[in-house]
2 protein chains.
Amino acid sequence: MKVSFAERYEGVTGSAIRQIFALLADPEIISFAGGNPAPVTFPSEALSEIAARLIREEGASILQYGGTAGVPGYLAQVKGLFEAEGLHPADNELISLTGSSQGIDLMTKAVVNPGDVVLVESPTFLGALQTFKLYQAELQGVQMDEQGMVMEDLEEKLKTYHPKFVYTIPTFQNPTGRTLPADRRRKMVELCSKYGCLILEDDPYASLRYAGQAQPSIKSFDTEGIVVKLLSFSKTISPGLRVGAAYATPEIIHKFNLGKQGQDVHTANLNQAMVAEYIKSGAYPEGIARNIAYYRGKMETMVEMAKTVFPAGTQVVAPEGGMFLWVELPEGCDATAAFGKAVENKVAYVPGTHFYYDGGHNNTMRLNFTMVDEERIRAGMKRLGKLFG
Amino acid sequence: MKVSFAERYEGVTGSAIRQIFALLADPEIISFAGGNPAPVTFPSEALSEIAARLIREEGASILQYGGTAGVPGYLAQVKGLFEAEGLHPADNELISLTGSSQGIDLMTKAVVNPGDVVLVESPTFLGALQTFKLYQAELQGVQMDEQGMVMEDLEEKLKTYHPKFVYTIPTFQNPTGRTLPADRRRKMVELCSKYGCLILEDDPYASLRYAGQAQPSIKSFDTEGIVVKLLSFSKTISPGLRVGAAYATPEIIHKFNLGKQGQDVHTANLNQAMVAEYIKSGAYPEGIARNIAYYRGKMETMVEMAKTVFPAGTQVVAPEGGMFLWVELPEGCDATAAFGKAVENKVAYVPGTHFYYDGGHNNTMRLNFTMVDEERIRAGMKRLGKLFG
């Protein structure tokens with residue numbers, strides 16, 4: 001039988017990045033294409049002990065159906081982390097998520113009718129673009145400079161398109177590594193308030209800061225409940241556990257709850273309780289400090305190499321944290337076309353074009369440094385340099 | 001700011017059952033309102049040991065991002081279970097789910113545009129109704145008799161409404177406990193094939209059979225790939241782990257995969273691997289046998305009591321398995337109106353009206369027997385009988 005699929009799937013073909021990953025099984029390839037944290041940073045021993053204890057001692061509740069809002073002990077830890085940032089969520093302003101990605105889905109589900117506009121950083125996280133497309137949102141990009149979203153362009157787009165929300169990764173953005181400074185964060189809230197637009201603040205990298213000063217959360221400037229803030233443990237504890245959270249007004253959280261009931265009923269209790277127990281043990285800040293120490297040298301090595309191997313006119317800005325280095329080659333260099341050649345030469349990256357909702361920008365690429373040791377970073381960057389030299 | 005929510009939320013107010021659960025904190029209330037498996041059936045010791053070992057020995061992959069399709073070792077076990085039913089899924093015909101409920105969402109997402117018709121058993125599972133509403137499906141009910149969906153009415157509805165799919169729980173249905181016999185299963189596939197309609201076969205209770213003969217899966221009659229079959233471990237291992245699977249054509253599974261990428265990226269690796277290791281250990285059939293032994297007596301006690309406590313003219317059919325007993329009181333008895341009085345008298349059930357997409361049927365109720373011991377089943381049924389006597 002010929003199946004007639006829903007209109008929302010028109011033009012949705014899956015992530016180009018996943019197709020790239022399939023090419024990278026060859027261990028000789030030095031891959032800067034990934035976006036994964038390094039496995040050595042996972043607190044396996046602690047989580048192994050915690051999981052065993054939780055199931056043994058609390059199996060009757062851990063293995064039973066749970067509430068859609070989340071495991072109370074987990075939500076208490078989430079609240080504590082937000083409070084440490086100077087935020088003050090009430091109990092009914094929080095919900096646990098099956099990975100913070102689910103928050104991107106639930107936000108879009110809550111407010112977007114087909115044809116409604118969502119503003120995105122240009123470029124932005126690929127997974128979010130796919131989610132927005134599946135809700136048939138119309139995407140419009142906001143220009144970025146070295147400090148992230150340009151506020152003049154944001155205001156222009158707010159005026160022109162009356163978007164439902166702005167999606168932003170304000171700290172060590174994926175893919176650019178850029179961080180929005182505090183004054184722009186404040187301005188973003190002012191502008192969105194003025195034009196009646198919500199903000200989805202997705203901030204999974206903020207804890208991984210290798211240099212500079214922490215910036216206040218966009219949510220900290222929110223006096224009207226227009227900011228929905230996501231919390232992720234994927235880059236600080238483990239992505240495979242699929243545990244995250246959202247903080248928003250009770251009205252919005254209620255819609256998230258209804259939308260989540262229909263998807264997965266609730267996030268697995270064990271996974272929430274494991275993260276809660278790990279944080280409660282006091283090991284979390286120390287774990288993050290270890291991750292930072294492990295990643296900082298890699299980032300510095302990659303930046304140092306990037307400044308020497310690429311042709312004159314290449315733009316590289318050292319990120320202050322996160323997992324990615326963004327490279328803008330001189331106009332005329334084509335990182336999209338060169339990808340096949342790169343793989344032949346045993347080095348890989350993600351062509352930057354994939355991160356733009358409207359394509360183009362073939363002179364850009366995203367390089368990940370978390371999964372490769374420093375010696376291989378040097379070797380891989382040399383191979384890359386030859387490709388564009 | 002006044003938030004304008006998406007049209008899909010119009011009329012979606014949340015599960016009435018969840019509001020009922022909130023009333024039942026009082027331990028003196030004998031509650032037949034639940035739908036949970038009994039915690040004593042959870043294999044806590046085995047899962048505790050498995051979880052600890054998996055994280056300790058395979059933390060680097062278990063705690064890392066995984067593939068959307070699922071953990072290979074888990075999919076291999078899922079395949080084995082389907083093969084034991086005489087089904088033969090290819091590798092690209094399977095996907096792991098964050099609870100089989102996610103399959104109801106992904107199916108609707110894959111094929112339903114707003115206004116498209118979905119046929120449901122009348123009555124049916126509440127959670128599915130909410131999911132369908134969030135995709136703005138138009139619901140139409142198919143009549144049931146004591147053997148489940150009535151094929152004449154199904155054909156009539158297929159002809160009249162050109163539905164996208166039929167949603168069915170063929171074995172020990174929620175809420176009625178009824179089981180569709182093999183000849184109707186075959187007929188359902190023939191009719192749906194004739195009228196170009198897909199079937200979503202949701203079969204979470206089938207393993208819990210206390211009497212009678214196992215019926216072949218609807219999927220076993222499917223020669224054209226029109227049946228999407230869901231697999232759940234929520235009633236046989238643990239609902240809190242949120243692990244399930246779907247089996248369908250590669251074309252449909254591809255759409256599930258894209259739709260799932262946008263929701264939770266993938267199901268937590270640990271939870272899939274725990275279920276896989278548990279099945280691999282050989283303990284699964286024995287665990288199910290223990291559950292059956294534990295539930296059978298409760299079911300028999302409840303049926304026996306139901307036949308004596310309710311007024312003449314009450315219809316009660318003993319289910320051959322599952323978790324629920326369905327009661328149709330004589331016309332004029334109002335189980336919806338009596339609910340408050342029942343709670344005052346320290347007994348609870350779910351008024352049957354909540355399971356009908358179009359309401360009504362106030363003379364019906366659903367009784368769950370898995371969470372209450374036999375003595376309390378007797379006491380609770382007596383309290384119920386007085387209410388309607």
# chains A, B, ... in the order shown; residues from 1 in each chain; ligands from 1
call {"tool": "residues_around", "arguments": {"residues": "Leu387 of chain B", "least_positions_apart": "3", "cutoff": "7 Å", "atoms": "only C-alpha atoms", "output": "number ranges by chain"}}
result
B: 342, 383-384
call {"tool": "write_last_selection", "arguments": {"atoms": "all heavy atoms", "output": "compact mmCIF listing (two decimals), in the first residue's frame"}}
result
# COMPACT_ATOMS: atom_id res chain seq x y z
N ALA B 342 -18.38 7.39 46.15
CA ALA B 342 -17.48 6.24 46.28
C ALA B 342 -16.24 6.61 47.08
O ALA B 342 -15.86 5.90 48.01
CB ALA B 342 -17.10 5.71 44.90
N ARG B 383 -18.03 -2.53 49.13
CA ARG B 383 -18.33 -1.09 49.23
C ARG B 383 -18.94 -0.58 47.93
O ARG B 383 -19.89 0.19 47.93
CB ARG B 383 -17.05 -0.29 49.54
CG ARG B 383 -16.52 -0.54 50.93
CD ARG B 383 -15.26 0.27 51.21
NE ARG B 383 -14.53 -0.28 52.34
CZ ARG B 383 -13.31 0.10 52.71
NH1 ARG B 383 -12.68 1.05 52.05
NH2 ARG B 383 -12.72 -0.46 53.76
N LEU B 384 -18.37 -1.04 46.82
CA LEU B 384 -18.87 -0.62 45.51
C LEU B 384 -20.31 -1.09 45.31
O LEU B 384 -21.17 -0.34 44.82
CB LEU B 384 -18.02 -1.23 44.39
CG LEU B 384 -16.89 -0.40 43.80
CD1 LEU B 384 -16.34 -1.12 42.56
CD2 LEU B 384 -17.36 1.00 43.43
call {"tool": "select_by_dssp", "arguments": {"residues": "segment 172-216 of chain A", "states": "strand (DSSP E or B)", "output": "list in words"}}
result
Leu198, Ile199, Leu200, Glu201, Asp202 and Arg209 of chain A
call {"tool": "closest_residue", "arguments": {"among": "A:Tyr74, A:Phe256, A:Tyr167, A:Tyr161", "to": "chain B", "atoms": "only C-alpha atoms"}}
result
A:Phe256
call {"tool": "residues_around", "arguments": {"residues": "segment 141-144 of chain B", "least_positions_apart": "6", "cutoff": "6 Å", "atoms": "only C-alpha atoms", "output": "short mmCIF file (atom, residue, chain, number, x, y, z; two decimals) with all heavy atoms, in the first residue's frame"}}
result
data_model
loop_
_atom_site.label_atom_id
_atom_site.label_comp_id
_atom_site.auth_asym_id
_atom_site.auth_seq_id
_atom_site.Cartn_x
_atom_site.Cartn_y
_atom_site.Cartn_z
N LEU B 119 -9.63 6.02 13.55
CA LEU B 119 -10.67 5.19 14.16
C LEU B 119 -10.14 4.58 15.45
O LEU B 119 -9.01 4.08 15.50
CB LEU B 119 -11.06 4.04 13.22
CG LEU B 119 -11.81 4.39 11.94
CD1 LEU B 119 -12.23 3.09 11.24
CD2 LEU B 119 -13.01 5.27 12.20
N VAL B 120 -10.97 4.61 16.48
CA VAL B 120 -10.58 4.03 17.77
C VAL B 120 -11.67 3.09 18.26
O VAL B 120 -12.85 3.26 17.91
CB VAL B 120 -10.34 5.12 18.85
CG1 VAL B 120 -9.17 6.01 18.46
CG2 VAL B 120 -11.60 5.96 19.09
N GLU B 121 -11.25 2.13 19.06
CA GLU B 121 -12.25 1.33 19.76
C GLU B 121 -13.01 2.26 20.69
O GLU B 121 -12.45 3.20 21.26
CB GLU B 121 -11.55 0.21 20.56
CG GLU B 121 -11.08 -0.92 19.66
CD GLU B 121 -9.82 -1.62 20.15
OE1 GLU B 121 -9.19 -1.11 21.09
OE2 GLU B 121 -9.46 -2.65 19.55
N SER B 122 -14.26 1.98 20.87
CA SER B 122 -15.08 2.81 21.72
C SER B 122 -15.66 1.92 22.81
O SER B 122 -16.55 1.12 22.53
CB SER B 122 -16.20 3.45 20.88
OG SER B 122 -16.96 4.33 21.64
N VAL B 150 -16.28 -4.67 16.34
CA VAL B 150 -17.27 -5.33 15.47
C VAL B 150 -16.90 -5.02 14.02
O VAL B 150 -16.82 -3.87 13.62
CB VAL B 150 -18.69 -4.79 15.79
CG1 VAL B 150 -19.72 -5.34 14.82
CG2 VAL B 150 -19.06 -5.12 17.24
N LEU B 154 -16.69 -1.65 11.67
CA LEU B 154 -15.39 -1.19 11.18
C LEU B 154 -15.48 -0.89 9.68
O LEU B 154 -15.05 0.17 9.22
CB LEU B 154 -14.30 -2.24 11.44
CG LEU B 154 -12.93 -1.94 10.82
CD1 LEU B 154 -12.33 -0.66 11.39
CD2 LEU B 154 -11.95 -3.10 11.04
#
call {"tool": "atom_distance", "arguments": {"atom1": "atom CA of Tyr65 of chain B", "atom2": "atom CA of Thr98 of chain B"}}
result
14.8 Å
call {"tool": "residues_around", "arguments": {"residues": "Gln263 of chain B", "least_positions_apart": "5", "cutoff": "9 Å", "atoms": "only C-alpha atoms", "output": "list in words"}}
result
Thr98, Gly99, Ser101, Gln102, Gly103, Ile104, Asp105, Leu106, Thr131 and Gln263 of chain A
call {"tool": "closest_residue", "arguments": {"among": "B:His88, B:Lys164, B:Lys159, B:Arg242", "to": "chain A", "atoms": "only C-alpha atoms"}}
result
B:Arg242
call {"tool": "closest_residue", "arguments": {"among": "A:Arg53, A:Lys382, A:Lys194, A:Arg185", "to": "Pro311 of chain A", "atoms": "only C-alpha atoms"}}
result
A:Lys382
call {"tool": "closest_residue", "arguments": {"among": "B:Val343, B:Ala289, B:Leu97, B:Leu198", "to": "Val111 of chain B", "atoms": "only C-alpha atoms"}}
result
B:Leu198
call {"tool": "atom_distance", "arguments": {"atom1": "atom CA of Tyr278 of chain A", "atom2": "atom CA of Ile218 of chain A"}}
result
26.8 Å
call {"tool": "atom_distance", "arguments": {"atom1": "atom CA of Gly196 of chain B", "atom2": "atom CA of Glu224 of chain B"}}
result
10.5 Å
call {"tool": "residues_around", "arguments": {"residues": "Asn92 of chain A", "least_positions_apart": "5", "cutoff": "8 Å", "atoms": "only C-alpha atoms", "output": "ChimeraX atom specification"}}
result
/A:249-250,253
